[in-house]
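**Student:** Quick one, data-v4.tsv (TSV, C-alpha atoms):
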```
chain	number	residue	atom	x	y	z
F	1	MET	CA	-40.50	-17.97	43.20
F	2	ILE	CA	-38.45	-15.44	41.20
F	3	ARG	CA	-40.43	-12.70	39.57
F	4	THR	CA	-39.17	-11.19	36.36
F	5	ARG	CA	-40.16	-7.72	35.25
F	6	THR	CA	-41.69	-7.48	31.81
F	7	ARG	CA	-39.99	-4.87	29.66
F	8	THR	CA	-42.35	-2.11	28.52
F	9	GLU	CA	-42.23	0.32	25.59
F	10	ASP	CA	-41.37	3.16	27.99
F	11	ASP	CA	-38.21	1.52	29.34
F	12	PRO	CA	-34.85	3.03	28.32
F	13	ARG	CA	-33.29	1.28	25.35
F	14	VAL	CA	-29.73	1.44	26.72
F	15	GLY	CA	-28.10	1.42	30.12
F	16	ALA	CA	-27.70	4.75	31.88
F	17	TRP	CA	-23.89	4.74	31.69
F	18	ALA	CA	-24.02	4.61	27.89
F	19	LEU	CA	-25.46	8.14	27.95
F	20	LEU	CA	-22.24	9.74	29.24
F	21	PRO	CA	-20.17	8.92	26.12
F	22	LEU	CA	-23.22	9.69	23.99
F	23	GLY	CA	-23.32	13.23	25.39
F	24	VAL	CA	-19.58	13.60	24.79
F	25	ALA	CA	-19.94	12.37	21.21
F	26	ALA	CA	-22.89	14.65	20.39
F	27	ALA	CA	-21.14	17.77	21.69
F	28	ALA	CA	-17.92	16.82	19.89
F	29	ILE	CA	-19.66	16.13	16.57
F	30	ALA	CA	-21.10	19.65	16.52
F	31	LEU	CA	-17.65	21.13	17.23
F	32	ALA	CA	-15.77	18.83	14.87
F	33	PRO	CA	-16.11	21.03	11.75
F	34	TRP	CA	-14.40	23.87	13.61
F	35	TRP	CA	-11.65	21.59	14.90
F	36	LEU	CA	-11.05	19.97	11.49
F	37	THR	CA	-10.66	23.25	9.61
F	38	GLY	CA	-7.75	24.68	11.54
F	39	ALA	CA	-9.41	25.95	14.73
F	40	ARG	CA	-7.27	29.09	14.72
F	41	LEU	CA	-8.40	31.82	17.08
F	42	PRO	CA	-9.93	34.70	15.08
F	43	LEU	CA	-7.84	37.86	14.94
F	44	GLN	CA	-8.37	39.99	18.04
F	45	ASN	CA	-8.64	43.78	18.12
F	46	LEU	CA	-6.94	43.87	21.54
F	47	TRP	CA	-4.23	41.27	20.85
F	48	ALA	CA	-0.93	42.19	22.48
F	49	GLU	CA	1.33	41.14	19.61
F	50	THR	CA	0.99	41.61	15.88
F	51	ALA	CA	0.02	38.29	14.28
F	52	THR	CA	-1.44	36.94	11.06
F	53	ALA	CA	-4.44	34.61	11.00
F	54	ALA	CA	-2.13	31.61	10.51
F	55	GLN	CA	-0.10	32.59	13.57
F	56	MET	CA	-3.04	32.71	15.98
F	57	PRO	CA	-3.22	29.88	18.53
F	58	VAL	CA	-5.46	26.83	18.17
F	59	VAL	CA	-8.61	27.01	20.29
F	60	LEU	CA	-11.60	24.75	20.87
F	61	LEU	CA	-14.12	27.55	20.20
F	62	PRO	CA	-13.80	30.67	18.03
F	63	PHE	CA	-13.76	33.31	20.76
F	64	SER	CA	-14.43	36.72	19.19
F	65	GLN	CA	-17.11	39.39	19.24
F	66	TYR	CA	-17.60	38.67	15.54
F	67	THR	CA	-18.38	34.96	16.08
F	68	VAL	CA	-20.84	34.96	19.00
F	69	VAL	CA	-23.60	33.56	16.77
F	70	GLN	CA	-21.30	30.79	15.55
F	71	VAL	CA	-20.36	29.87	19.12
F	72	PHE	CA	-24.04	29.71	20.06
F	73	ALA	CA	-24.67	27.44	17.06
F	74	TYR	CA	-21.75	25.07	17.78
F	75	LEU	CA	-22.92	24.58	21.37
F	76	VAL	CA	-26.69	24.37	20.88
F	77	VAL	CA	-26.49	22.00	17.91
F	78	GLY	CA	-24.41	19.58	19.97
F	79	SER	CA	-26.92	19.74	22.80
F	80	ALA	CA	-29.80	19.22	20.37
F	81	LEU	CA	-28.14	16.14	18.86
F	82	ALA	CA	-27.79	14.71	22.36
F	83	GLY	CA	-31.43	15.49	23.12
F	84	ILE	CA	-32.67	13.79	19.95
F	85	ALA	CA	-30.59	10.71	20.70
F	86	GLY	CA	-31.83	10.74	24.29
F	87	ARG	CA	-35.46	10.86	23.20
F	88	ALA	CA	-34.91	8.04	20.72
F	89	LEU	CA	-33.33	5.96	23.50
F	90	ARG	CA	-36.06	6.95	26.03
F	91	VAL	CA	-33.52	8.39	28.45
F	92	ARG	CA	-34.67	9.08	32.00
F	93	GLY	CA	-33.39	9.63	35.55
F	94	TRP	CA	-29.67	9.11	35.90
F	95	GLY	CA	-29.42	8.54	32.17
F	96	LEU	CA	-30.44	12.15	31.51
F	97	THR	CA	-28.03	13.38	34.18
F	98	LEU	CA	-25.16	11.48	32.59
F	99	LEU	CA	-26.14	12.67	29.12
F	100	LEU	CA	-25.95	16.28	30.34
F	101	ALA	CA	-22.67	15.55	32.11
F	102	GLY	CA	-21.17	14.28	28.87
F	103	ILE	CA	-22.21	17.42	27.01
F	104	LEU	CA	-20.88	19.67	29.77
F	105	LEU	CA	-17.56	17.82	29.87
F	106	VAL	CA	-16.92	18.84	26.26
F	107	GLN	CA	-18.51	22.27	26.27
F	108	VAL	CA	-17.02	23.52	29.54
F	109	THR	CA	-13.58	22.40	28.35
F	110	ALA	CA	-14.23	24.12	25.03
F	111	THR	CA	-15.09	27.33	26.91
F	112	VAL	CA	-12.26	27.35	29.45
F	113	GLN	CA	-9.41	26.58	27.00
F	114	PRO	CA	-10.00	29.52	24.60
F	115	ALA	CA	-10.78	31.81	27.54
F	116	LEU	CA	-7.32	31.09	29.00
F	117	VAL	CA	-5.66	31.50	25.60
F	118	VAL	CA	-7.39	34.82	24.96
F	119	ARG	CA	-6.63	36.06	28.49
F	120	ASP	CA	-2.92	35.37	28.04
F	121	GLY	CA	-2.77	37.00	24.61
F	122	LEU	CA	-4.74	40.21	25.14
F	123	GLN	CA	-3.27	43.56	26.04
F	124	ASP	CA	-3.20	44.35	29.76
F	125	ARG	CA	-6.08	46.83	29.70
F	126	LEU	CA	-9.49	47.24	31.30
F	127	GLU	CA	-11.08	46.86	27.86
F	128	SER	CA	-9.45	43.44	27.56
F	129	THR	CA	-10.94	42.30	30.85
F	130	LEU	CA	-14.41	43.48	29.90
F	131	TYR	CA	-14.10	41.94	26.45
F	132	LEU	CA	-13.07	38.55	27.80
F	133	ALA	CA	-15.75	38.65	30.50
F	134	GLY	CA	-18.39	39.35	27.86
F	135	LEU	CA	-17.24	36.41	25.74
F	136	VAL	CA	-17.22	34.03	28.72
F	137	VAL	CA	-20.66	35.16	29.91
F	138	GLY	CA	-22.13	34.89	26.42
F	139	THR	CA	-20.66	31.43	25.89
F	140	SER	CA	-21.89	30.28	29.31
F	141	LEU	CA	-25.40	31.45	28.46
F	142	SER	CA	-25.22	29.49	25.21
F	143	VAL	CA	-24.25	26.38	27.19
F	144	LEU	CA	-27.26	26.91	29.49
F	145	VAL	CA	-29.57	27.33	26.51
F	146	GLY	CA	-28.15	24.11	25.10
F	147	MET	CA	-28.79	22.26	28.36
F	148	THR	CA	-32.39	23.43	28.30
F	149	VAL	CA	-32.74	22.29	24.69
F	150	THR	CA	-31.39	18.84	25.61
F	151	ILE	CA	-33.82	18.42	28.49
F	152	LEU	CA	-36.81	19.59	26.46
F	153	ILE	CA	-36.09	17.39	23.48
F	154	ALA	CA	-35.08	14.32	25.47
F	155	ARG	CA	-37.74	14.25	28.19
F	156	ALA	CA	-40.49	16.85	27.77
F	157	PRO	CA	-43.91	16.06	26.31
F	158	ARG	CA	-44.20	16.86	22.60
F	159	ALA	CA	-45.19	20.49	23.22
F	160	GLY	CA	-42.02	21.10	25.22
F	161	ALA	CA	-39.91	19.08	22.82
F	162	LEU	CA	-41.22	21.24	19.98
F	163	LEU	CA	-39.86	24.36	21.66
F	164	GLY	CA	-36.47	22.71	22.05
F	165	LEU	CA	-36.50	21.62	18.43
F	166	ALA	CA	-37.41	25.14	17.28
F	167	VAL	CA	-34.39	26.61	19.07
F	168	ALA	CA	-32.27	23.78	17.65
F	169	ALA	CA	-33.56	24.54	14.14
F	170	ILE	CA	-32.48	28.18	14.44
F	171	ALA	CA	-29.05	27.11	15.69
F	172	THR	CA	-28.74	24.56	12.88
F	173	GLY	CA	-29.11	27.23	10.23
F	174	ALA	CA	-26.29	29.24	11.81
F	175	TRP	CA	-24.22	26.07	12.30
F	176	LEU	CA	-24.49	25.12	8.63
F	177	GLY	CA	-23.53	28.64	7.67
F	178	ALA	CA	-20.43	28.48	9.87
F	179	VAL	CA	-19.46	25.03	8.59
F	180	LEU	CA	-19.96	25.83	4.91
F	181	SER	CA	-18.19	29.19	5.15
F	182	ARG	CA	-15.06	27.37	6.36
F	183	GLY	CA	-15.38	24.26	4.21
F	184	LEU	CA	-16.24	25.83	0.86
F	185	GLY	CA	-14.48	28.36	-1.28
F	186	ASP	CA	-15.83	31.89	-1.49
F	187	ASP	CA	-17.63	31.30	-4.78
F	188	ALA	CA	-19.22	28.03	-3.66
F	189	PHE	CA	-20.32	29.52	-0.36
F	190	ALA	CA	-21.81	32.54	-2.12
F	191	ALA	CA	-23.84	30.13	-4.26
F	192	VAL	CA	-25.36	28.25	-1.30
F	193	MET	CA	-25.68	31.21	1.08
F	194	PRO	CA	-29.19	32.21	-0.15
F	195	LEU	CA	-30.44	28.77	0.90
F	196	LEU	CA	-29.30	29.05	4.53
F	197	PRO	CA	-32.14	31.31	5.81
F	198	TRP	CA	-34.62	28.60	4.84
F	199	ILE	CA	-33.07	25.93	7.06
F	200	ALA	CA	-34.70	27.09	10.31
F	201	PRO	CA	-38.22	27.52	8.83
F	202	ILE	CA	-38.10	24.10	7.16
F	203	LEU	CA	-36.88	22.31	10.28
F	204	THR	CA	-39.29	24.18	12.55
F	205	GLY	CA	-42.22	23.42	10.26
F	206	ALA	CA	-41.25	19.74	10.25
F	207	ALA	CA	-41.05	19.79	14.07
F	208	ILE	CA	-44.55	21.30	14.28
F	209	ALA	CA	-45.85	18.54	12.01
F	210	TRP	CA	-44.14	15.91	14.19
F	211	ALA	CA	-45.60	17.33	17.40
F	212	GLY	CA	-49.11	17.82	15.97
F	213	LEU	CA	-51.72	20.33	16.98
F	214	ASN	CA	-54.16	18.11	18.86
F	215	THR	CA	-53.69	19.67	22.31
F	216	VAL	CA	-53.73	23.23	23.60
F	217	GLY	CA	-50.13	22.91	24.72
F	218	ARG	CA	-48.97	21.85	21.28
F	219	VAL	CA	-50.86	24.68	19.60
F	220	LEU	CA	-49.26	27.21	21.95
F	221	ALA	CA	-45.84	25.65	21.42
F	222	ALA	CA	-46.35	25.87	17.65
F	223	LEU	CA	-47.24	29.56	17.91
F	224	VAL	CA	-44.16	30.24	20.02
F	225	SER	CA	-42.03	28.30	17.54
F	226	VAL	CA	-43.30	30.40	14.64
F	227	ALA	CA	-42.59	33.53	16.68
F	228	LEU	CA	-39.02	32.31	17.28
F	229	VAL	CA	-38.51	31.81	13.55
F	230	TRP	CA	-39.74	35.37	13.03
F	231	ILE	CA	-37.69	36.99	15.81
F	232	ALA	CA	-34.44	35.00	15.66
F	233	PRO	CA	-33.15	36.22	12.26
F	234	ALA	CA	-33.76	39.83	13.27
F	235	LEU	CA	-32.02	39.25	16.61
F	236	VAL	CA	-29.03	37.63	14.92
F	237	THR	CA	-28.86	40.51	12.45
F	238	GLY	CA	-28.95	43.07	15.24
F	239	ILE	CA	-26.27	41.33	17.31
F	240	ALA	CA	-23.98	40.69	14.35
F	241	ASN	CA	-24.21	44.27	13.10
F	242	ALA	CA	-23.71	45.80	16.54
F	243	LEU	CA	-20.73	43.64	17.56
F	244	GLY	CA	-19.26	43.90	14.09
F	245	THR	CA	-19.11	47.71	14.30
F	246	ARG	CA	-15.72	48.20	15.89
F	247	VAL	CA	-16.08	51.94	16.40
F	248	LEU	CA	-19.04	51.40	18.76
F	249	LEU	CA	-17.36	48.84	21.02
F	250	ARG	CA	-16.03	51.58	23.29
F	251	SER	CA	-19.56	52.95	23.86
F	252	PRO	CA	-21.92	50.27	25.20
F	253	GLY	CA	-24.92	52.63	25.11
F	254	ASP	CA	-24.43	53.52	21.45
F	255	LEU	CA	-23.72	49.86	20.69
F	256	ALA	CA	-27.02	48.79	22.26
F	257	ASP	CA	-28.97	51.55	20.51
F	258	TYR	CA	-27.51	50.63	17.15
F	259	GLY	CA	-28.19	46.92	17.67
F	260	LEU	CA	-31.78	47.58	18.73
F	261	GLY	CA	-32.33	49.80	15.72
F	262	VAL	CA	-31.10	47.13	13.32
F	263	PHE	CA	-33.17	44.51	15.17
F	264	ARG	CA	-36.38	46.54	14.87
F	265	MET	CA	-35.77	47.25	11.19
F	266	ALA	CA	-35.16	43.56	10.40
F	267	LEU	CA	-38.11	42.48	12.54
F	268	LEU	CA	-40.63	44.84	11.00
F	269	THR	CA	-39.53	44.86	7.35
F	270	PRO	CA	-42.20	42.68	5.65
F	271	GLU	CA	-39.99	41.26	2.90
F	272	LEU	CA	-37.51	40.08	5.54
F	273	ALA	CA	-39.89	39.05	8.32
F	274	LEU	CA	-42.70	37.33	6.42
F	275	ARG	CA	-40.70	34.87	4.36
F	276	PRO	CA	-39.51	32.61	7.21
F	277	VAL	CA	-42.93	32.72	8.88
F	278	VAL	CA	-44.76	31.76	5.68
F	279	ALA	CA	-42.21	29.02	4.94
F	280	THR	CA	-42.64	27.58	8.43
F	281	LEU	CA	-46.44	27.54	8.12
F	282	VAL	CA	-46.35	25.95	4.67
F	283	VAL	CA	-43.95	23.18	5.72
F	284	ALA	CA	-45.99	22.55	8.89
F	285	ALA	CA	-49.24	22.38	6.91
F	286	ILE	CA	-47.78	19.93	4.39
F	287	GLY	CA	-46.37	17.80	7.18
F	288	LEU	CA	-49.64	17.76	9.11
F	289	VAL	CA	-51.54	16.71	5.98
F	290	ILE	CA	-49.07	13.89	5.32
F	291	ARG	CA	-49.31	12.83	8.96
F	292	ALA	CA	-53.11	12.75	8.81
F	293	VAL	CA	-53.08	10.70	5.60
F	294	LEU	CA	-50.63	8.18	7.01
F	295	ARG	CA	-52.63	7.87	10.22
F	296	ARG	CA	-55.84	7.32	8.27
F	297	ARG	CA	-54.24	4.60	6.18
F	298	ALA	CA	-52.99	2.89	9.35
F	299	ILE	CA	-56.53	2.56	10.73
F	300	PRO	CA	-58.04	-0.77	9.61
F	301	ALA	CA	-61.16	-0.39	7.48
F	302	GLY	CA	-64.49	-1.53	8.94
```
For the file at hand, write its structure as structure tokens.

**Tutor:**
Amino acid sequence: MIRTRTRTEDDPRVGAWALLPLGVAAAAIALAPWWLTGARLPLQNLWAETATAAQMPVVLLPFSQYTVVQVFAYLVVGSALAGIAGRALRVRGWGLTLLLAGILLVQVTATVQPALVVRDGLQDRLESTLYLAGLVVGTSLSVLVGMTVTILIARAPRAGALLGLAVAAIATGAWLGAVLSRGLGDDAFAAVMPLLPWIAPILTGAAIAWAGLNTVGRVLAALVSVALVWIAPALVTGIANALGTRVLLRSPGDLADYGLGVFRMALLTPELALRPVVATLVVAAIGLVIRAVLRRRAIPAG
């Protein structure tokens, strides 16, 4: 007698091997706006030859000390897209491994290619070696953060998935900023730029509403998510200001002190720090109310 296994709601919705191209596609989609808008390496302070922006080589990622936040966003958004797809498809086991392999195939290639291009084009100086090493290490850390985001969103319980979604929300705001800055004219981008800081709070609040607050783990995850929304803009501001100050690049100690000073100021200035926190809480509250109403209507009367 042949026994057949009954398919359950927890079974994966696709075969494991379908997750490899899915990971490739997710990582590529996040990078596509960069690739489709020229993908020219940003001008380099230590470049060996004089070149205009149009003469710089084509690279898969914008390697530069001025674009570290953009690189983080391109990588983490791709990983988050893969994680969301993986959760929707109930990925598990080898499926998750193949999903991560697909992401890494794209993102490692996108890290190695510009690293080789930058290495060949920089002046032969110690500063060039340190500069390139910093870019590679920073990009590698972004890849690792992205891998963690994928795993949390795809397989963790809702409390863990919420943390992954919060990091993804922060990256999405930076990703949209990078995409729109390249795709729109200066005037159009200036018009939409005030809206960009609200992206992360709105998405994080929606993620909190999706996860709910009916367990201790979810409450703690929600508190951490709100803290991330509070800290992340200040951190981005500190990093961008420090790395964007060319005169300090030769003095790592002064660079760190300046970055920390800007970070503390942005973190503790009420008009800057409170707005994203309040927006996150308001969106989460509205979402939780809507969720409760829908759940109540779904319960049969009597």

**Student:** Within 6 Å of range 227-241 of chain F, counting all atoms listed in the file, which residues show up once you throw out same-chain ones fewer than 2 positions away? Write them as a PyMOL selection string, please.

**Tutor:** chain F and resi 224-225+243-244+259+262-263+266-267+273+277

**Student:** Can you pull out the residues contacting range 151-164 of chain F? Cut-off 8 Å, using all atoms listed in the file, and skip same-chain residues under 5 positions away; I want them as JSON, numbers by chain.

**Tutor:** {"F": [80, 82, 83, 84, 85, 86, 87, 88, 90, 91, 92, 96, 207, 208, 211, 217, 218, 219, 220, 221, 222, 224, 225]}

**Student:** When distances are computed from all atoms listed in the file, which of F:Pro276, F:Gly102, F:Gly212, F:Gly134 shows the smallest separation from Ile290 in chain F?

**Tutor:**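 Using all atoms listed in the file, Ile290 in chain F sits closest to F:Gly212.
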
**Student:** With 6 Å on each side, where is the centre of the axis-aligned box around all listed atoms of range 264-274 of chain F, and how long are its edges in Å to one decimal, as AutoDock Vina command-line options?

**Tutor:**
```
--center_x -38.9 --center_y 42.3 --center_z 8.9 --size_x 19.5 --size_y 21.9 --size_z 24.0
```

**Student:** Figure out the distance between CA of Ala73 in chain F and CA of Ala178 in chain F, please, to one decimal in Å.

**Tutor:**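 Atom-to-atom, CA of Ala178 in chain F to CA of Ala73 in chain F, that is 8.4 Å.
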
**Student:** So how many Å separate CA of Ala292 in chain F and CA of Leu223 in chain F, to one decimal?

**Tutor:**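 If I compute the distance from CA of Ala292 in chain F to CA of Leu223 in chain F, I get 20.0 Å.
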
**Student:** Which residues are near Thr52 in chain F? Cut-off 12 Å, all atoms listed in the file, ignore same chain within fewer than 2 positions. Put them as a list in words.

**Tutor:**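 Once the adjacent positions are removed, what remains is Arg40, Leu41, Pro42, Leu43, Gln44, Trp47, Glu49, Thr50, Ala54, Gln55, Met56 and Pro57 of chain F.
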
**Student:** Interatomic distance between CA of Tyr131 in chain F and CA of Val145 in chain F?

**Tutor:**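 Going from CA of Tyr131 in chain F over to CA of Val145 in chain F, I get 21.3 Å.
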
**Student:** Taking (-46.3, 19.4, 6.7) in the file's own coordinates, collect the residues within 12 Å, counting only C-alpha atoms, and hand them back as a compact mmCIF listing (two decimals) with C-alpha atoms, in the coordinates of the input.

**Tutor:**
```txt
# COMPACT_ATOMS: atom_id res chain seq x y z
CA PRO F 201 -38.22 27.52 8.83
CA ILE F 202 -38.10 24.10 7.16
CA LEU F 203 -36.88 22.31 10.28
CA THR F 204 -39.29 24.18 12.55
CA GLY F 205 -42.22 23.42 10.26
CA ALA F 206 -41.25 19.74 10.25
CA ALA F 207 -41.05 19.79 14.07
CA ILE F 208 -44.55 21.30 14.28
CA ALA F 209 -45.85 18.54 12.01
CA TRP F 210 -44.14 15.91 14.19
CA ALA F 211 -45.60 17.33 17.40
CA GLY F 212 -49.11 17.82 15.97
CA LEU F 213 -51.72 20.33 16.98
CA ALA F 279 -42.21 29.02 4.94
CA THR F 280 -42.64 27.58 8.43
CA LEU F 281 -46.44 27.54 8.12
CA VAL F 282 -46.35 25.95 4.67
CA VAL F 283 -43.95 23.18 5.72
CA ALA F 284 -45.99 22.55 8.89
CA ALA F 285 -49.24 22.38 6.91
CA ILE F 286 -47.78 19.93 4.39
CA GLY F 287 -46.37 17.80 7.18
CA LEU F 288 -49.64 17.76 9.11
CA VAL F 289 -51.54 16.71 5.98
CA ILE F 290 -49.07 13.89 5.32
CA ARG F 291 -49.31 12.83 8.96
CA ALA F 292 -53.11 12.75 8.81
CA VAL F 293 -53.08 10.70 5.60
```

**Student:** Using all atoms listed in the file, can you tell me which of F:Arg264, F:Ala48, F:Met193, F:Val59 comes closest to Asp120 in chain F?

**Tutor:** F:Ala48

**Student:** Which residue gives the smallest distance to Leu20 in chain F among F:Thr172, F:Ser128, F:Thr97, F:Thr150, with all atoms listed in the file counted?

**Tutor:**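 Closest to Leu20 in chain F, using all atoms listed in the file: F:Thr97.
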
**Student:** Please determine the residues with any atom at most 12 Å from (-15.4, 29.9, 4.7) (coordinates as given in the file, with only C-alpha atoms counting) and report them as a PyMOL selection string.

**Tutor:** chain F and resi 33-34+37-38+176-190+192-193

**Student:** Name all residues at most 10 Å from Ala28 in chain F (count all atoms listed in the file; drop same-chain ones fewer than 5 positions away) and give them as a VMD selection string.

**Tutor:** chain F and resid 22 to 23 33 35 74 to 75 78 to 79 102 to 103 106 to 107 110

**Student:** Would you list the contacts of Ile170 in chain F as number ranges by chain, taking every protein, DNA or RNA residue within 8 Å and counting only C-alpha atoms, but skipping same-chain residues closer than 2 positions in sequence?

**Tutor:** F: 166-168, 172-174, 199-200, 229, 232
